[in-house]
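Below is the file entry-v7.csv, which contains CSV, C-alpha atoms.
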chain,number,residue,atom,x,y,z
W,1464,MET,CA,-47.7,15.1,16.1
W,1465,LYS,CA,-45.6,12.0,17.2
W,1466,SER,CA,-45.2,11.0,13.6
W,1467,ILE,CA,-43.9,14.4,12.7
W,1468,ILE,CA,-41.3,14.3,15.5
W,1469,ALA,CA,-40.3,10.8,14.5
W,1470,LEU,CA,-39.9,11.9,10.9
W,1471,LEU,CA,-37.9,14.9,11.9
W,1472,PHE,CA,-35.7,12.7,14.1
W,1473,LEU,CA,-35.2,10.3,11.1
W,1474,PHE,CA,-34.1,13.2,8.9
W,1475,ILE,CA,-31.6,14.4,11.5
W,1476,ILE,CA,-30.1,10.9,11.9
W,1477,VAL,CA,-29.8,10.4,8.1
W,1478,GLY,CA,-28.5,13.9,7.5
W,1479,CYS,CA,-25.8,13.5,10.2
W,1480,SER,CA,-24.7,10.0,9.2
W,1481,THR,CA,-24.2,10.5,5.5
W,1482,LYS,CA,-20.8,9.2,4.5
W,1483,LYS,CA,-18.7,10.5,1.7
W,1484,SER,CA,-18.7,8.4,-1.5
W,1485,ASP,CA,-15.6,6.4,-2.5
W,1486,LYS,CA,-15.0,8.9,-5.3
W,1487,GLU,CA,-15.4,11.9,-3.1
W,1488,LEU,CA,-12.8,10.4,-0.6
W,1489,PHE,CA,-10.4,9.5,-3.4
W,1490,ASP,CA,-10.6,12.9,-4.9
W,1491,GLU,CA,-10.2,14.6,-1.5
W,1492,ALA,CA,-7.1,12.5,-0.9
W,1493,GLN,CA,-5.6,13.4,-4.3
W,1494,LYS,CA,-6.3,17.0,-3.7
W,1495,ASN,CA,-4.6,16.9,-0.3
W,1496,LEU,CA,-1.6,15.1,-1.8
W,1497,LYS,CA,-1.2,17.9,-4.4
W,1498,GLU,CA,-1.4,20.5,-1.6
W,1499,ASP,CA,1.2,18.5,0.4
W,1500,LYS,CA,-1.4,17.9,3.2
W,1501,ILE,CA,-0.2,14.3,3.9
W,1502,PRO,CA,-2.1,13.6,7.2
W,1503,GLU,CA,-5.4,14.7,5.5
W,1504,ALA,CA,-4.6,12.5,2.5
W,1505,VAL,CA,-3.9,9.5,4.7
W,1506,THR,CA,-7.2,10.1,6.6
W,1507,ALA,CA,-9.2,10.3,3.4
W,1508,PHE,CA,-7.5,7.1,1.9
W,1509,GLU,CA,-8.0,5.2,5.2
W,1510,GLU,CA,-11.7,6.3,5.3
W,1511,LEU,CA,-12.1,5.1,1.7
W,1512,VAL,CA,-10.5,1.7,2.5
W,1513,ASN,CA,-12.5,1.2,5.7
W,1514,ASP,CA,-15.9,2.5,4.5
W,1515,HIS,CA,-15.8,1.3,0.9
W,1516,SER,CA,-13.8,-1.9,0.9
W,1517,ASP,CA,-15.7,-3.1,-2.1
W,1518,SER,CA,-14.9,0.0,-4.2
W,1519,GLU,CA,-12.9,-0.3,-7.4
W,1520,LEU,CA,-10.9,2.6,-6.1
W,1521,THR,CA,-9.8,0.8,-2.9
W,1522,PRO,CA,-6.8,-1.0,-4.4
W,1523,GLU,CA,-5.4,2.2,-5.8
W,1524,ALA,CA,-6.0,3.9,-2.5
W,1525,LEU,CA,-4.1,1.2,-0.7
W,1526,SER,CA,-1.3,1.4,-3.2
W,1527,GLN,CA,-0.9,5.1,-2.7
W,1528,LEU,CA,-1.3,4.8,1.1
W,1529,GLY,CA,1.4,2.2,1.2
W,1530,SER,CA,3.7,4.5,-0.8
W,1531,LEU,CA,3.1,7.3,1.6
W,1532,TYR,CA,4.2,5.1,4.5
W,1533,GLN,CA,7.1,3.6,2.6
W,1534,ASN,CA,8.4,7.1,1.9
W,1535,LYS,CA,8.1,7.9,5.6
W,1536,GLN,CA,5.7,10.7,5.0
W,1537,ILE,CA,3.8,10.1,8.3
W,1538,LYS,CA,5.8,12.3,10.6
W,1539,SER,CA,4.0,11.1,13.8
W,1540,LEU,CA,5.5,7.6,13.2
W,1541,SER,CA,9.1,6.5,13.5
W,1542,GLU,CA,10.9,5.4,10.3
W,1543,ARG,CA,10.5,1.7,11.3
W,1544,GLU,CA,6.8,2.2,12.1
W,1545,ASN,CA,6.2,3.8,8.7
W,1546,LEU,CA,7.9,0.9,6.9
W,1547,GLU,CA,6.1,-1.8,8.9
W,1548,LYS,CA,2.8,0.0,8.2
W,1549,ALA,CA,3.7,0.1,4.5
W,1550,ILE,CA,4.4,-3.6,4.4
W,1551,SER,CA,1.1,-4.3,6.2
W,1552,ILE,CA,-0.8,-2.2,3.6
W,1553,PHE,CA,1.0,-3.7,0.6
W,1554,LYS,CA,0.3,-7.2,1.9
W,1555,LYS,CA,-3.4,-6.3,2.5
W,1556,LEU,CA,-3.5,-5.0,-1.1
W,1557,HIS,CA,-2.2,-8.3,-2.4
W,1558,ASP,CA,-4.2,-10.5,-0.1
W,1559,GLU,CA,-7.6,-8.8,-0.2
W,1560,TYR,CA,-7.5,-7.6,-3.8
W,1561,PRO,CA,-5.7,-10.4,-5.7
W,1562,LYS,CA,-7.4,-9.6,-9.0
W,1563,SER,CA,-6.4,-5.9,-8.8
W,1564,GLU,CA,-3.8,-4.5,-11.1
W,1565,TYR,CA,-2.0,-3.4,-8.0
W,1566,ALA,CA,-1.8,-6.8,-6.3
W,1567,ALA,CA,1.5,-7.9,-7.8
W,1568,SER,CA,3.3,-4.6,-7.1
W,1569,GLY,CA,1.9,-4.8,-3.5
W,1570,LEU,CA,3.6,-8.1,-2.9
W,1571,PHE,CA,6.8,-7.0,-4.6
W,1572,MET,CA,7.0,-3.8,-2.6
W,1573,ALA,CA,6.5,-5.8,0.7
W,1574,GLY,CA,9.6,-7.9,-0.3
W,1575,PHE,CA,11.5,-4.8,-1.4
W,1576,ILE,CA,10.9,-3.0,2.0
W,1577,TYR,CA,11.9,-6.1,3.9
W,1578,ALA,CA,15.1,-6.5,1.9
W,1579,ASN,CA,16.2,-2.9,1.3
W,1580,GLU,CA,14.8,-1.0,4.2
W,1581,LEU,CA,14.6,-3.4,7.2
W,1582,GLN,CA,17.3,-5.9,6.1
W,1583,ASN,CA,14.8,-8.7,7.0
W,1584,TYR,CA,16.1,-11.1,4.3
W,1585,LYS,CA,14.1,-14.1,5.5
W,1586,GLU,CA,10.8,-12.3,5.0
W,1587,ALA,CA,12.1,-10.7,1.8
W,1588,GLU,CA,12.9,-14.1,0.4
W,1589,ILE,CA,9.4,-15.4,1.3
W,1590,SER,CA,7.8,-12.4,-0.4
W,1591,TYR,CA,9.9,-12.6,-3.5
W,1592,LYS,CA,9.5,-16.3,-3.9
W,1593,GLN,CA,5.7,-16.0,-3.5
W,1594,PHE,CA,5.8,-13.1,-6.1
W,1595,LEU,CA,7.7,-15.2,-8.6
W,1596,ASN,CA,5.4,-18.2,-8.0
W,1597,GLU,CA,2.2,-16.1,-8.5
W,1598,TYR,CA,3.4,-13.6,-11.1
W,1599,PRO,CA,6.2,-15.3,-13.2
W,1600,ASP,CA,5.4,-13.2,-16.2
W,1601,ASN,CA,4.9,-9.9,-14.5
W,1602,GLU,CA,7.2,-7.0,-15.6
W,1603,LEU,CA,8.6,-7.0,-12.0
W,1604,ALA,CA,9.6,-10.7,-12.1
W,1605,PRO,CA,13.2,-10.0,-13.4
W,1606,SER,CA,13.6,-7.5,-10.6
W,1607,ALA,CA,12.3,-9.9,-8.0
W,1608,GLN,CA,14.7,-12.6,-9.3
W,1609,ALA,CA,17.6,-10.2,-9.1
W,1610,GLU,CA,16.6,-9.1,-5.6
W,1611,LEU,CA,16.5,-12.8,-4.5
W,1612,GLU,CA,19.9,-13.5,-6.0
W,1613,ASN,CA,21.5,-10.5,-4.3
W,1614,LEU,CA,19.8,-10.6,-0.9
W,1615,GLY,CA,22.1,-9.2,1.8
W,1616,LEU,CA,24.8,-8.1,-0.6
W,1617,SER,CA,26.2,-4.6,-0.6
W,1618,PRO,CA,26.2,-2.7,-4.0
W,1619,GLU,CA,29.9,-3.3,-4.2
W,1620,GLU,CA,29.4,-7.0,-3.7
W,1621,ILE,CA,26.7,-7.1,-6.4
W,1622,LEU,CA,29.0,-5.3,-8.8
W,1623,GLU,CA,31.8,-7.6,-8.0
W,1624,LYS,CA,29.5,-10.6,-8.5
W,1625,ASN,CA,28.3,-9.3,-11.8
W,1626,LEU,CA,31.8,-8.5,-13.1
W,1627,ALA,CA,32.9,-12.1,-12.2
W,1628,LYS,CA,30.0,-13.5,-14.2
W,1629,GLU,CA,31.2,-11.5,-17.3
W,1630,LYS,CA,34.6,-13.1,-17.2

Could you quickly redo this structure as C-alpha cells?
Amino acid sequence: MKSIIALLFLFIIVGCSTKKSDKELFDEAQKNLKEDKIPEAVTAFEELVNDHSDSELTPEALSQLGSLYQNKQIKSLSERENLEKAISIFKKLHDEYPKSEYAASGLFMAGFIYANELQNYKEAEISYKQFLNEYPDNELAPSAQAELENLGLSPEEILEKNLAKEK
C-alpha cells in the first residue's frame, strides 16, 4: 500500500512539473506575436531562454526579445528601461552565444541603441569598435564604421560632412 501511495505521489509530482519544450515555447511566443499579445510573447521567450539555455532556438528568441524591448513594446516599462533591457539582451546574445548567426547583430544593435536612442556615445564607440574587431567582414561592418565616424552628429551635420567630402 505504501508503494502505491509513493508511486501515485511520484506521478503527481512529475505531472505537475512538466515544462514545455523549447519548440513549444518558441511557437507559443510566435503565435502571441502574431496576435499582438506582447506580454505573453515576452513571457514565452523568457521562459525558453531561462529553461532551455542550451537550445538552438535560444539565440533567435533572444534576438526577438531584444527587438521587442528596443521597439518599446513592453508598456509596463519606461522608454529608457525598455532600451536598457534591449541592450542587456543583445549583449547576452553576443556574449553567451558567440557562434550563433545572431551574435554579430546583437553586438551591433547594442551599439546602435547606445548611439541613437540613449546618446551614450562612449558605450556606442566601445560596442562598434568591438564589432569591427570581431566581425570585420560582416554585412553590418560598413554601417558600424559609418556609425563610428558620425557619432554624436545630427543628420544635418552628417549631410554637410558628406557633401564636403565630395568637393

> Out of W:Ala1587, W:Ile1552, W:Leu1511, W:Leu1488, which residue has the shortest atom-to-atom distance to Gly1615 of chain W when counting all atoms listed in the file?
Replying inline: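 Closest to Gly1615 of chain W of all the choices is W:Ala1587.
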
Each segment 1535-1569 of chain W residue no farther than 9 Å from segment 1574-1582 of chain W, nearest pair in Å, all atoms listed in the file, as a tab-separated table:
residue	atom	partner	partner_atom	distance
W:Arg1543	CA	W:Leu1581	CA	7.7
W:Leu1546	CA	W:Ile1576	CA	6.9
W:Glu1547	CA	W:Ile1576	CA	8.5
W:Ala1549	CA	W:Ile1576	CA	8.2
W:Ile1550	CA	W:Ile1576	CA	7.0
W:Gly1569	CA	W:Gly1574	CA	8.9

> Near segment 1527-1530 of chain W, within 10 Å and counting all atoms listed in the file, which residues show up once chain neighbours fewer than 6 positions away are dropped, as a list in words?
Replying inline: Ala1492, Gln1493, Ile1501, Ala1504, Val1505, Thr1506, Ala1507, Phe1508, Glu1509, Val1512, Thr1521, Gln1536, Asn1545, Leu1546, Glu1547, Lys1548, Ala1549, Ile1550, Ser1551, Ile1552, Phe1553, Lys1554, Lys1555, Leu1556, Gly1569, Met1572 and Ala1573 of chain W

> atom CA of Tyr1560 of chain W to atom CA of Lys1592 of chain W: how many Å, to one decimal?
Replying inline: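 That distance, rounded to one decimal, is 19.1 Å.
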
>> As an exercise, work out the distance from atom CA of Glu1519 of chain W to atom CA of Ser1484 of chain W in Å and give it to one decimal place.
In response: 12.0 Å

> Using all atoms listed in the file, which residues sit within 12 Å of Leu1595 of chain W once same-chain residues fewer than 6 positions away are excluded, as an MDAnalysis selection string?
Replying inline: chainID W and resid 1567:1568 1570:1571 1574 1588:1589 1601:1611

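Separating atom CA of Leu1496 of chain W from atom CA of Ala1524 of chain W is a distance of 12.1 Å.
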
Sel. within 7 Å of pt (-3.9, -6.9, -5.8), counting all atoms listed in the file, output as a compact mmCIF listing (two decimals) with C-alpha atoms, in the frame of the given file:
# COMPACT_ATOMS: atom_id res chain seq x y z
CA PRO W 1522 -6.80 -1.00 -4.40
CA LEU W 1556 -3.50 -5.00 -1.10
CA HIS W 1557 -2.20 -8.30 -2.40
CA ASP W 1558 -4.20 -10.50 -0.10
CA GLU W 1559 -7.60 -8.80 -0.20
CA TYR W 1560 -7.50 -7.60 -3.80
CA PRO W 1561 -5.70 -10.40 -5.70
CA LYS W 1562 -7.40 -9.60 -9.00
CA SER W 1563 -6.40 -5.90 -8.80
CA GLU W 1564 -3.80 -4.50 -11.10
CA TYR W 1565 -2.00 -3.40 -8.00
CA ALA W 1566 -1.80 -6.80 -6.30
CA ALA W 1567 1.50 -7.90 -7.80
CA GLY W 1569 1.90 -4.80 -3.50

>> Let me make sure I understand: among W:Glu1629, W:Asp1490, W:Glu1586, W:Asp1600, which one has the smallest atom-to-atom distance to Glu1523 of chain W if we use all atoms listed in the file?
In response: W:Asp1490

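Minimum atom-to-atom distances from W:Leu1531, W:Pro1599, W:Glu1612, W:Ser1541 to Asp1499 of chain W were compared using all atoms listed in the file, and the lowest value belongs to W:Leu1531.
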
> Which of these, W:Glu1491, W:Asn1534, W:Lys1486, W:Leu1622, has the shortest distance to His1515 of chain W once you count all atoms listed in the file?
Replying inline: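 Among W:Glu1491, W:Asn1534, W:Lys1486, W:Leu1622, it is W:Lys1486 that comes nearest to His1515 of chain W.
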
> For Asp1485 of chain W, which residue out of W:Glu1542, W:Asp1517, W:Glu1597, W:Glu1619 is the nearest one, using all atoms listed in the file?
Replying inline: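 Of W:Glu1542, W:Asp1517, W:Glu1597, W:Glu1619, the one nearest Asp1485 of chain W is W:Asp1517, counting all atoms listed in the file.
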